[in-house]
>>> print(open('final.cif').read())   # mmCIF, C-alpha atoms
data_data
#
loop_
_atom_site.label_atom_id
_atom_site.label_comp_id
_atom_site.auth_asym_id
_atom_site.auth_seq_id
_atom_site.Cartn_x
_atom_site.Cartn_y
_atom_site.Cartn_z
CA MET A 502 25.92 48.48 134.92
CA LYS A 503 25.92 52.21 135.63
CA ASP A 504 22.81 54.37 135.39
CA PHE A 505 22.46 58.02 134.41
CA GLU A 506 22.54 59.20 138.02
CA HIS A 507 26.04 57.74 138.35
CA LEU A 508 27.14 59.65 135.21
CA LYS A 509 25.68 62.84 136.70
CA SER A 510 27.62 62.35 139.95
CA VAL A 511 30.85 61.80 137.94
CA TRP A 512 30.12 65.01 136.01
CA LEU A 513 29.32 67.10 139.08
CA GLU A 514 32.36 65.84 140.96
CA GLN A 515 34.77 66.93 138.22
CA PRO A 516 37.83 68.87 139.46
CA LYS A 517 36.57 72.26 140.60
CA ASP A 518 39.55 74.25 139.23
CA GLN A 519 38.38 77.44 137.63
CA PRO A 520 39.36 77.15 133.96
CA LEU A 521 40.58 80.73 133.83
CA ALA A 522 40.81 83.44 136.47
CA VAL A 523 38.35 86.27 135.91
CA GLU A 524 41.10 88.91 135.94
CA GLU A 525 42.92 87.04 133.19
CA VAL A 526 39.71 86.82 131.14
CA LEU A 527 39.02 90.53 131.57
CA LYS A 528 42.56 91.32 130.49
CA GLN A 529 42.17 89.14 127.37
CA ILE A 530 38.81 90.71 126.58
CA LYS A 531 40.17 94.24 126.73
CA LYS A 532 43.13 93.22 124.57
CA GLU A 533 40.75 91.58 122.09
CA MET A 534 38.55 94.69 121.92
CA VAL A 535 41.61 96.84 121.17
CA THR A 536 42.69 94.43 118.38
CA VAL A 537 39.23 94.32 116.84
CA THR A 538 38.69 98.06 116.82
CA GLY A 539 42.37 98.70 116.09
CA LYS A 540 42.29 96.97 112.68
CA LEU A 541 39.34 99.04 111.58
CA PHE A 542 40.84 102.18 113.09
CA TRP A 543 44.06 101.83 111.06
CA SER A 544 42.10 101.12 107.86
CA ILE A 545 40.13 104.29 108.41
CA VAL A 546 43.34 106.22 109.20
CA ALA A 547 44.89 104.98 105.93
CA LEU A 548 41.82 105.99 103.94
CA THR A 549 41.59 109.34 105.69
CA THR A 550 45.27 110.01 104.94
CA ALA A 551 44.72 109.20 101.27
CA PHE A 552 41.60 111.41 101.26
CA VAL A 553 43.38 114.35 102.92
CA SER A 554 46.39 114.00 100.60
CA MET A 555 44.09 114.15 97.56
CA LEU A 556 42.30 117.14 99.07
CA ILE A 557 45.62 118.96 99.60
CA ILE A 558 46.58 118.26 95.99
CA LEU A 559 43.19 119.58 94.85
CA VAL A 560 43.38 122.77 96.91
CA PHE A 561 47.06 123.72 96.75
CA PHE A 562 48.10 122.63 93.28
CA ALA A 563 47.05 124.31 90.10
CA PHE A 564 46.32 122.14 87.06
CA GLN A 565 45.97 123.16 83.47
CA SER A 566 43.08 120.95 82.55
CA TRP A 567 39.65 120.93 84.26
CA LEU A 568 39.58 117.19 83.57
CA THR A 569 42.37 116.71 86.13
CA TYR A 570 40.20 118.39 88.77
CA ILE A 571 37.32 116.12 87.80
CA GLY A 572 39.64 113.09 88.17
CA ILE A 573 40.72 114.15 91.67
CA ILE A 574 37.13 114.81 92.74
CA ILE A 575 36.06 111.38 91.45
CA MET A 576 38.84 109.76 93.49
CA LEU A 577 37.83 111.75 96.59
CA ILE A 578 34.20 110.66 96.27
CA THR A 579 35.27 107.03 95.74
CA LEU A 580 37.44 107.08 98.86
CA LEU A 581 34.59 108.60 100.85
CA ILE A 582 32.10 105.95 99.68
CA TYR A 583 34.57 103.17 100.47
CA SER A 584 35.13 104.56 103.98
CA VAL A 585 31.38 104.59 104.60
CA LEU A 586 31.10 100.97 103.41
CA LEU A 587 34.02 99.96 105.65
CA ILE A 588 32.35 101.52 108.68
CA ARG A 589 29.03 99.87 107.74
CA ASP A 590 30.80 96.50 107.46
CA TYR A 591 32.36 96.96 110.86
CA ARG A 592 28.96 97.61 112.40
CA LEU A 593 27.55 94.61 110.51
CA ILE A 594 30.27 92.22 111.66
CA TYR A 595 30.60 93.31 115.23
CA ARG A 596 26.90 93.53 115.91
CA GLU A 597 26.48 89.85 115.12
CA ASP A 598 23.84 88.97 117.60
CA PHE A 599 24.99 85.89 119.44
CA MET A 600 22.16 86.35 121.86
CA LEU A 601 19.63 85.21 119.29
CA SER A 602 18.17 81.72 119.16
CA THR A 603 19.81 79.36 116.66
CA SER A 604 17.15 79.84 113.98
CA GLU A 605 17.19 83.63 114.32
CA TYR A 606 20.97 83.69 114.24
CA LEU A 607 20.94 81.51 111.12
CA ALA A 608 18.58 83.97 109.38
CA HIS A 609 20.81 86.86 110.45
CA LEU A 610 23.91 85.10 109.08
CA LYS A 611 22.23 84.56 105.71
CA VAL A 612 21.41 88.27 105.45
CA TYR A 613 25.02 89.07 106.30
CA GLN A 614 26.20 86.65 103.59
CA THR A 615 23.98 88.34 100.98
CA LYS A 616 25.21 91.82 101.92
CA ARG A 617 28.84 90.71 101.72
CA ALA A 618 28.23 89.13 98.30
CA GLN A 619 26.79 92.46 97.10
CA LEU A 620 29.81 94.30 98.46
CA TYR A 621 32.22 92.04 96.62
CA GLY A 622 30.01 92.07 93.54
CA TRP A 623 28.80 95.22 91.85
CA SER A 624 30.08 97.58 94.59
CA TYR A 625 33.66 96.50 94.07
CA TYR A 626 33.49 96.91 90.26
CA LEU A 627 31.91 100.33 90.62
CA TYR A 628 34.66 101.32 93.07
CA LEU A 629 37.32 100.04 90.65
CA LEU A 630 35.74 101.81 87.68
CA LEU A 631 35.52 105.17 89.46
CA LEU A 632 39.06 104.89 90.81
CA SER A 633 40.43 103.96 87.38
CA LEU A 634 38.57 106.85 85.76
CA GLY A 635 39.73 109.36 88.37
CA LEU A 636 43.31 108.14 88.29
CA GLY A 637 43.34 108.07 84.49
CA LEU A 638 42.18 111.69 84.24
CA TYR A 639 44.68 112.76 86.90
CA LEU A 640 47.64 110.93 85.38
CA ALA A 641 46.86 112.31 81.89
CA GLU A 642 48.08 115.77 82.94
CA ILE A 643 50.72 114.64 85.46
CA LEU A 644 52.47 112.47 82.87
CA GLN A 645 52.04 114.97 80.02
CA SER A 646 55.69 115.90 79.91
CA ALA A 647 57.02 112.41 80.75
CA SER A 648 58.67 110.21 78.16
CA PRO A 649 56.47 107.71 76.28
CA TYR A 650 58.31 104.84 77.96
CA PHE A 651 57.59 106.22 81.42
CA LYS A 652 53.93 106.77 80.52
CA ILE A 653 53.63 103.18 79.27
CA PHE A 654 55.41 101.90 82.36
CA THR A 655 53.16 103.85 84.78
CA TYR A 656 49.88 102.99 83.07
CA SER A 657 50.92 99.32 82.71
CA LEU A 658 51.91 99.07 86.37
CA THR A 659 48.58 100.59 87.44
CA ILE A 660 46.60 98.22 85.21
CA ILE A 661 48.58 95.19 86.42
CA TRP A 662 47.96 96.17 90.04
CA PHE A 663 44.22 96.52 89.43
CA LEU A 664 44.17 93.15 87.68
CA ILE A 665 46.03 91.49 90.59
CA CYS A 666 43.56 93.01 93.09
CA THR A 667 40.54 91.93 91.02
CA PHE A 668 41.53 88.45 89.88
CA TYR A 669 43.79 87.27 92.68
CA LEU A 670 43.54 89.15 95.98
CA LYS A 671 39.80 89.73 95.89
CA GLN A 672 39.05 86.11 94.87
CA LYS A 673 41.25 84.81 97.69
CA ILE A 674 39.69 87.03 100.36
CA VAL A 675 36.14 86.38 99.17
CA LYS A 676 36.71 82.59 98.93
CA ASN A 677 38.08 82.38 102.49
CA GLU A 678 35.28 84.43 103.94
CA GLN A 679 32.49 82.67 102.04
CA GLU A 680 33.92 79.26 103.00
CA LYS A 681 33.81 80.22 106.65
CA ILE A 682 30.27 81.61 106.46
CA ASN A 683 29.01 78.59 104.48
CA LEU A 684 30.44 76.22 107.05
CA MET A 685 28.78 78.16 109.87
CA ILE A 686 25.44 78.09 108.02
CA ASP A 687 25.76 74.34 107.31
CA ARG A 688 26.40 73.59 110.94
CA LEU A 689 23.50 75.70 112.11
CA HIS A 690 21.21 74.05 109.52
CA SER A 691 22.36 70.63 110.68
CA LEU A 692 21.66 71.59 114.28
CA GLN A 693 18.18 72.89 113.39
CA HIS A 694 17.52 69.59 111.68
CA GLN A 695 18.66 67.67 114.75
CA PHE A 696 16.43 69.70 117.04
CA ALA A 697 13.37 69.24 114.80
CA MET B 364 37.11 98.78 139.05
CA THR B 365 34.16 100.09 137.02
CA LYS B 366 30.59 98.93 137.65
CA LYS B 367 30.64 97.00 134.37
CA GLU B 368 33.82 95.17 135.42
CA ALA B 369 32.34 94.39 138.83
CA ASP B 370 29.11 93.04 137.26
CA PHE B 371 31.12 91.04 134.75
CA LYS B 372 33.23 89.52 137.49
CA VAL B 373 30.14 88.27 139.32
CA ILE B 374 28.58 86.92 136.11
CA PHE B 375 31.83 85.14 135.22
CA GLU B 376 32.33 83.56 138.62
CA VAL B 377 28.76 82.22 138.67
CA ASN B 378 28.62 80.91 135.08
CA ALA B 379 32.18 80.17 133.85
CA LYS B 380 32.42 76.60 135.13
CA LYS B 381 29.17 75.45 133.48
CA ILE B 382 29.98 77.25 130.23
CA TYR B 383 33.41 75.62 130.24
CA HIS B 384 31.76 72.21 130.71
CA LEU B 385 29.47 72.95 127.75
CA CYS B 386 32.43 73.95 125.56
CA LEU B 387 34.52 70.97 126.67
CA GLY B 388 31.65 68.58 126.11
CA PHE B 389 31.07 70.07 122.68
CA THR B 390 34.68 70.02 121.45
CA GLY B 391 36.34 67.33 123.55
CA ASP B 392 39.46 69.49 123.66
CA GLU B 393 40.69 71.61 126.57
CA ASP B 394 42.44 74.23 124.44
CA ALA B 395 39.40 74.67 122.21
CA ALA B 396 37.17 74.86 125.28
CA ASP B 397 39.38 77.60 126.75
CA ASP B 398 39.18 79.53 123.48
CA LEU B 399 35.41 79.15 123.32
CA LEU B 400 34.98 80.17 126.92
CA GLN B 401 36.96 83.33 126.29
CA GLU B 402 35.09 84.05 123.08
CA THR B 403 31.76 83.58 124.83
CA PHE B 404 32.60 85.95 127.63
CA LEU B 405 34.06 88.44 125.15
CA LYS B 406 30.60 88.60 123.61
CA VAL B 407 29.01 88.81 127.04
CA TRP B 408 31.22 91.81 127.76
CA GLN B 409 30.45 93.45 124.40
CA ASN B 410 26.72 93.03 124.86
CA LEU B 411 26.26 93.42 128.58
CA GLU B 412 24.54 96.78 128.21
CA LYS B 413 22.07 95.28 125.72
CA PHE B 414 20.83 92.67 128.18
CA ARG B 415 17.42 93.84 129.28
CA ASN B 416 16.26 91.02 131.56
CA GLN B 417 14.13 89.48 128.82
CA SER B 418 15.27 86.14 130.22
CA GLN B 419 17.58 84.91 132.93
CA ILE B 420 21.16 85.98 132.46
CA SER B 421 22.36 82.36 132.53
CA THR B 422 19.98 81.55 129.64
CA TRP B 423 21.35 84.51 127.73
CA ILE B 424 24.96 83.42 128.32
CA TYR B 425 24.22 79.81 127.41
CA ARG B 426 22.63 80.93 124.16
CA ILE B 427 25.75 82.96 123.33
CA ALA B 428 27.92 79.96 124.23
CA VAL B 429 25.90 77.56 122.05
CA ASN B 430 26.09 79.87 119.03
CA THR B 431 29.78 80.47 119.68
CA CYS B 432 30.48 76.72 119.84
CA LEU B 433 28.62 76.13 116.61
CA THR B 434 30.38 78.87 114.69
CA TYR B 435 33.82 78.33 116.15
CA LEU B 436 36.29 77.45 113.45
CA ARG B 437 39.93 76.94 114.13
CA THR B 438 42.20 78.96 111.85
CA GLU B 439 44.34 75.95 111.05
CA LYS B 440 41.46 73.57 110.41
CA ARG B 441 38.38 74.93 108.69
CA MET B 442 36.67 71.57 108.47
CA VAL B 443 35.45 70.41 111.83
CA THR B 444 34.65 66.74 111.83
CA LYS B 445 31.38 65.62 113.35
CA GLU B 446 32.98 62.67 115.12
CA LEU B 447 35.42 64.15 117.61
CA THR B 448 38.59 62.59 118.89
CA PRO B 449 38.22 61.34 122.45
CA PHE B 450 39.04 63.63 125.31
CA ILE B 451 42.33 62.11 126.35
CA ALA B 452 45.42 64.18 127.16
CA GLU B 453 48.01 62.23 125.18
CA ASN B 454 51.09 64.20 126.05
CA LYS B 455 50.38 65.20 129.57
CA ARG B 456 51.56 63.13 132.48
CA GLU B 457 48.52 62.95 134.73
CA GLU B 458 47.70 61.10 137.84
CA TYR B 459 45.05 58.72 136.57
CA SER B 460 42.88 58.35 139.61
CA GLU B 461 39.72 56.39 139.15
CA LYS B 462 37.74 59.64 139.20
CA ASN B 463 39.85 61.15 136.38
CA GLU B 464 39.37 58.01 134.32
CA GLN B 465 35.62 58.13 134.81
CA VAL B 466 35.50 61.81 133.80
CA ALA B 467 37.65 61.13 130.73
CA LEU B 468 35.40 58.23 129.76
CA LEU B 469 32.29 60.36 130.19
CA TYR B 470 33.68 63.05 127.89
CA LYS B 471 34.67 60.38 125.39
CA CYS B 472 31.07 59.15 125.32
CA ILE B 473 29.67 62.67 125.03
CA ALA B 474 31.96 63.19 122.02
CA LYS B 475 30.17 60.29 120.29
CA LEU B 476 26.82 62.10 120.38
CA ASP B 477 25.42 64.47 117.74
CA GLU B 478 26.10 68.20 118.20
CA SER B 479 22.63 69.02 119.49
CA GLU B 480 22.75 66.04 121.86
CA ARG B 481 26.09 67.14 123.27
CA ILE B 482 24.72 70.60 123.97
CA ILE B 483 21.55 69.31 125.64
CA ILE B 484 23.19 66.62 127.77
CA THR B 485 25.88 68.92 129.19
CA MET B 486 23.11 71.27 130.35
CA VAL B 487 21.16 68.34 131.84
CA LEU B 488 24.26 67.10 133.64
CA ASP B 489 24.80 70.59 135.05
CA GLU B 490 21.21 70.42 136.35
CA LEU B 491 19.81 73.34 134.42
CA PRO B 492 15.99 73.47 134.68
CA TYR B 493 14.26 71.93 131.67
CA PRO B 494 12.35 75.11 130.76
CA GLU B 495 15.67 76.96 130.57
CA ILE B 496 17.25 74.25 128.40
CA ALA B 497 14.21 74.38 126.10
CA GLU B 498 14.56 78.15 125.76
CA ILE B 499 18.28 77.91 125.00
CA SER B 500 17.76 75.12 122.46
CA GLY B 501 14.78 76.80 120.85
CA ILE B 502 12.51 73.76 121.11
CA THR B 503 9.35 73.06 123.11
CA GLU B 504 9.62 71.55 126.56
CA GLY B 505 7.60 68.52 125.48
CA ASN B 506 9.95 67.85 122.58
CA LEU B 507 12.92 68.43 124.87
CA ARG B 508 11.78 65.86 127.44
CA VAL B 509 11.51 63.20 124.76
CA LYS B 510 14.99 64.06 123.47
CA ILE B 511 16.50 64.09 126.95
CA HIS B 512 15.09 60.66 127.70
CA ARG B 513 16.60 59.31 124.49
CA ILE B 514 19.99 61.04 124.98
CA LYS B 515 20.27 59.82 128.59
CA GLN B 516 19.69 56.25 127.43
CA LYS B 517 22.19 56.61 124.58
CA LEU B 518 24.87 58.10 126.83
CA THR B 519 24.37 55.47 129.52
CA ASP B 520 24.61 52.68 126.94
CA LEU B 521 27.79 54.20 125.49
CA TYR B 522 29.34 54.59 128.93
CA ASN B 523 28.59 51.01 129.95
CA HIS B 524 29.87 49.75 126.62
CA TYR B 525 33.21 51.58 126.85
CA GLU B 526 33.65 50.87 130.55
CA ARG B 527 33.82 47.16 129.81
CA PHE B 528 36.88 47.65 127.57
#
>>> encode(input="final.cif", output="structure tokens")
Amino acid sequence: MKDFEHLKSVWLEQPKDQPLAVEEVLKQIKKEMVTVTGKLFWSIVALTTAFVSMLIILVFFAFQSWLTYIGIIIMLITLLIYSVLLIRDYRLIYREDFMLSTSEYLAHLKVYQTKRAQLYGWSYYLYLLLLSLGLGLYLAEILQSASPYFKIFTYSLTIIWFLICTFYLKQKIVKNEQEKINLMIDRLHSLQHQFA
Amino acid sequence: MTKKEADFKVIFEVNAKKIYHLCLGFTGDEDAADDLLQETFLKVWQNLEKFRNQSQISTWIYRIAVNTCLTYLRTEKRMVTKELTPFIAENKREEYSEKNEQVALLYKCIAKLDESERIIITMVLDELPYPEIAEISGITEGNLRVKIHRIKQKLTDLYNHYERF
């Protein structure tokens, strides 16, 4: 019959191979940091490009109706707000404080979950509404001289795309993320319960 | 090499082995343990400037590792089962010395424990001081001592049971 001291000696005499060389780990870490910030960087680049393109259209093109200008300005403001939210999300996600104790980290995760739910809730619909309004006002003048069929086609395509984003893409992304967060919270709850 | 890289290197060399043991004891899988080790030290790197000597650095790293283990989810399998598969390399051809068999059996027994028990016992086996384990676990030292006594008994019973077969 073995006692605990025997188990400890087995544990301590495990093969002493270093699991990973420190240089390899450092290399992986730097690569990981580039990936993490890279994704956000390219999202911001894409938004900035869209913003600048809209700004060029606003400044260098003359439109007949003042409503078209209003539409472009609404889209510019919407893009700006979305960029700010994206940057805020980045700071939220990557400042997850793994140094906290389990109970503090659990509380932090719940706050994060609430903020994400808000983002995918009313914020998204407001964003969609503003974008639709701005685009609608803009397209009204742009498509003025187009054939009725082309107008119907363009408006239908835009509406279909918005519907796909709202009822398919968004649901899928939100479901995946919420599943992951819920599982993390469950496990931390279970651990708290075990420690109690 | 920058100062941060030099500091990181020292921190890694001192703590990596024990953190790897914690991750391996927790998951029972070498690949997962490697991933968790890397993830833990990624967070150490990201937050190294924030560390203000509020506690020992090993305590800080262990706390990161524990939270990382608990929130680690494989992309291909979102549901992580509580009962882990035993730590046995099925496809590798290994020299099964008696020592290797004993280590494999020990990990198999650790995998049978609850999550919190796995975390605590790997730290006990690595001879971390009890006050440090209590701080990492977020429980009082008194409570911890009672738990450790119970977990040691449970692990020993499991080991003796499986050794017979």
>>> atom_distance(input="final.cif", atom1="CA of Gln645 in chain A", atom2="CA of Ala551 in chain A")
23.2 Å
>>> resolve_selection(input="final.cif", expression="the PyMOL selection byres ((chain B and resi 396) around 10)", output="list of chain:residue names")
A:Pro520, B:Ile382, B:Tyr383, B:His384, B:Leu385, B:Cys386, B:Leu387, B:Gly388, B:Phe389, B:Thr390, B:Gly391, B:Asp392, B:Glu393, B:Asp394, B:Ala395, B:Asp397, B:Asp398, B:Leu399, B:Leu400, B:Gln401, B:Glu402, B:Cys432
>>> atom_distance(input="final.cif", atom1="CA of Lys366 in chain B", atom2="CA of Val526 in chain A")
16.5 Å
>>> closest_residue(input="final.cif", among="A:Ile545, A:Val560, A:Leu527, A:Val553", to="chain B", atoms="all atoms listed in the file")
A:Leu527
>>> interface_residues(input="final.cif", of="chain B", to="chain A", cutoff="6 Å", atoms="only C-alpha atoms", output="PyMOL selection string")
chain B and resi 405+426-427+434+479+488+519
>>> residues_near_point(input="final.cif", point="(27.3, 93.0, 127.0)", cutoff="12 Å", atoms="all atoms listed in the file", output="ChimeraX atom specification")
/A:530,596,598-600 /B:367-368,370-371,374,403-415,420,423-424,427
>>> resolve_selection(input="final.cif", expression="the PyMOL selection byres ((chain A and resi 617) around 12)", output="list in words")
Leu586, Leu587, Arg589, Asp590, Tyr591, Leu593, Ile594, Leu610, Lys611, Val612, Tyr613, Gln614, Thr615, Lys616, Ala618, Gln619, Leu620, Tyr621, Gly622, Trp623, Ser624, Tyr625, Ile674, Val675, Lys676, Glu678, Gln679 and Ile682 of chain A
>>> residues_around(input="final.cif", residues="range 664-669 of chain A", least_positions_apart="4", cutoff="10 Å", atoms="only C-alpha atoms", output="list in words")
Tyr625, Tyr626, Leu629, Leu658, Thr659, Ile660, Lys673 and Ile674 of chain A
>>> atom_distance(input="final.cif", atom1="CA of Val535 in chain A", atom2="CA of Phe375 in chain B")
20.7 Å
>>> residues_around(input="final.cif", residues="range 507-510 of chain B", least_positions_apart="4", cutoff="9 Å", atoms="only C-alpha atoms", output="VMD selection string")
(chain A and resid 696) or (chain B and resid 480 483 493 to 494 496 to 497 500 502 to 503 514 to 515)
>>> residues_around(input="final.cif", residues="Tyr656 in chain A", least_positions_apart="2", cutoff="10 Å", atoms="all atoms listed in the file", output="short mmCIF file (atom, residue, chain, number, x, y, z; two decimals) with C-alpha atoms, in the frame of the given file")
data_model
loop_
_atom_site.label_atom_id
_atom_site.label_comp_id
_atom_site.auth_asym_id
_atom_site.auth_seq_id
_atom_site.Cartn_x
_atom_site.Cartn_y
_atom_site.Cartn_z
CA LEU A 636 43.31 108.14 88.29
CA GLY A 637 43.34 108.07 84.49
CA LEU A 640 47.64 110.93 85.38
CA ALA A 641 46.86 112.31 81.89
CA LEU A 644 52.47 112.47 82.87
CA PHE A 651 57.59 106.22 81.42
CA LYS A 652 53.93 106.77 80.52
CA ILE A 653 53.63 103.18 79.27
CA PHE A 654 55.41 101.90 82.36
CA LEU A 658 51.91 99.07 86.37
CA THR A 659 48.58 100.59 87.44
CA ILE A 660 46.60 98.22 85.21
CA ILE A 661 48.58 95.19 86.42
CA TRP A 662 47.96 96.17 90.04
#
>>> resolve_selection(input="final.cif", expression="the PyMOL selection byres ((chain A and resi 569-583) around 9)", output="ChimeraX atom specification")
/A:548-549,551-553,555-556,558-559,564-568,584-588,628-629,631-643
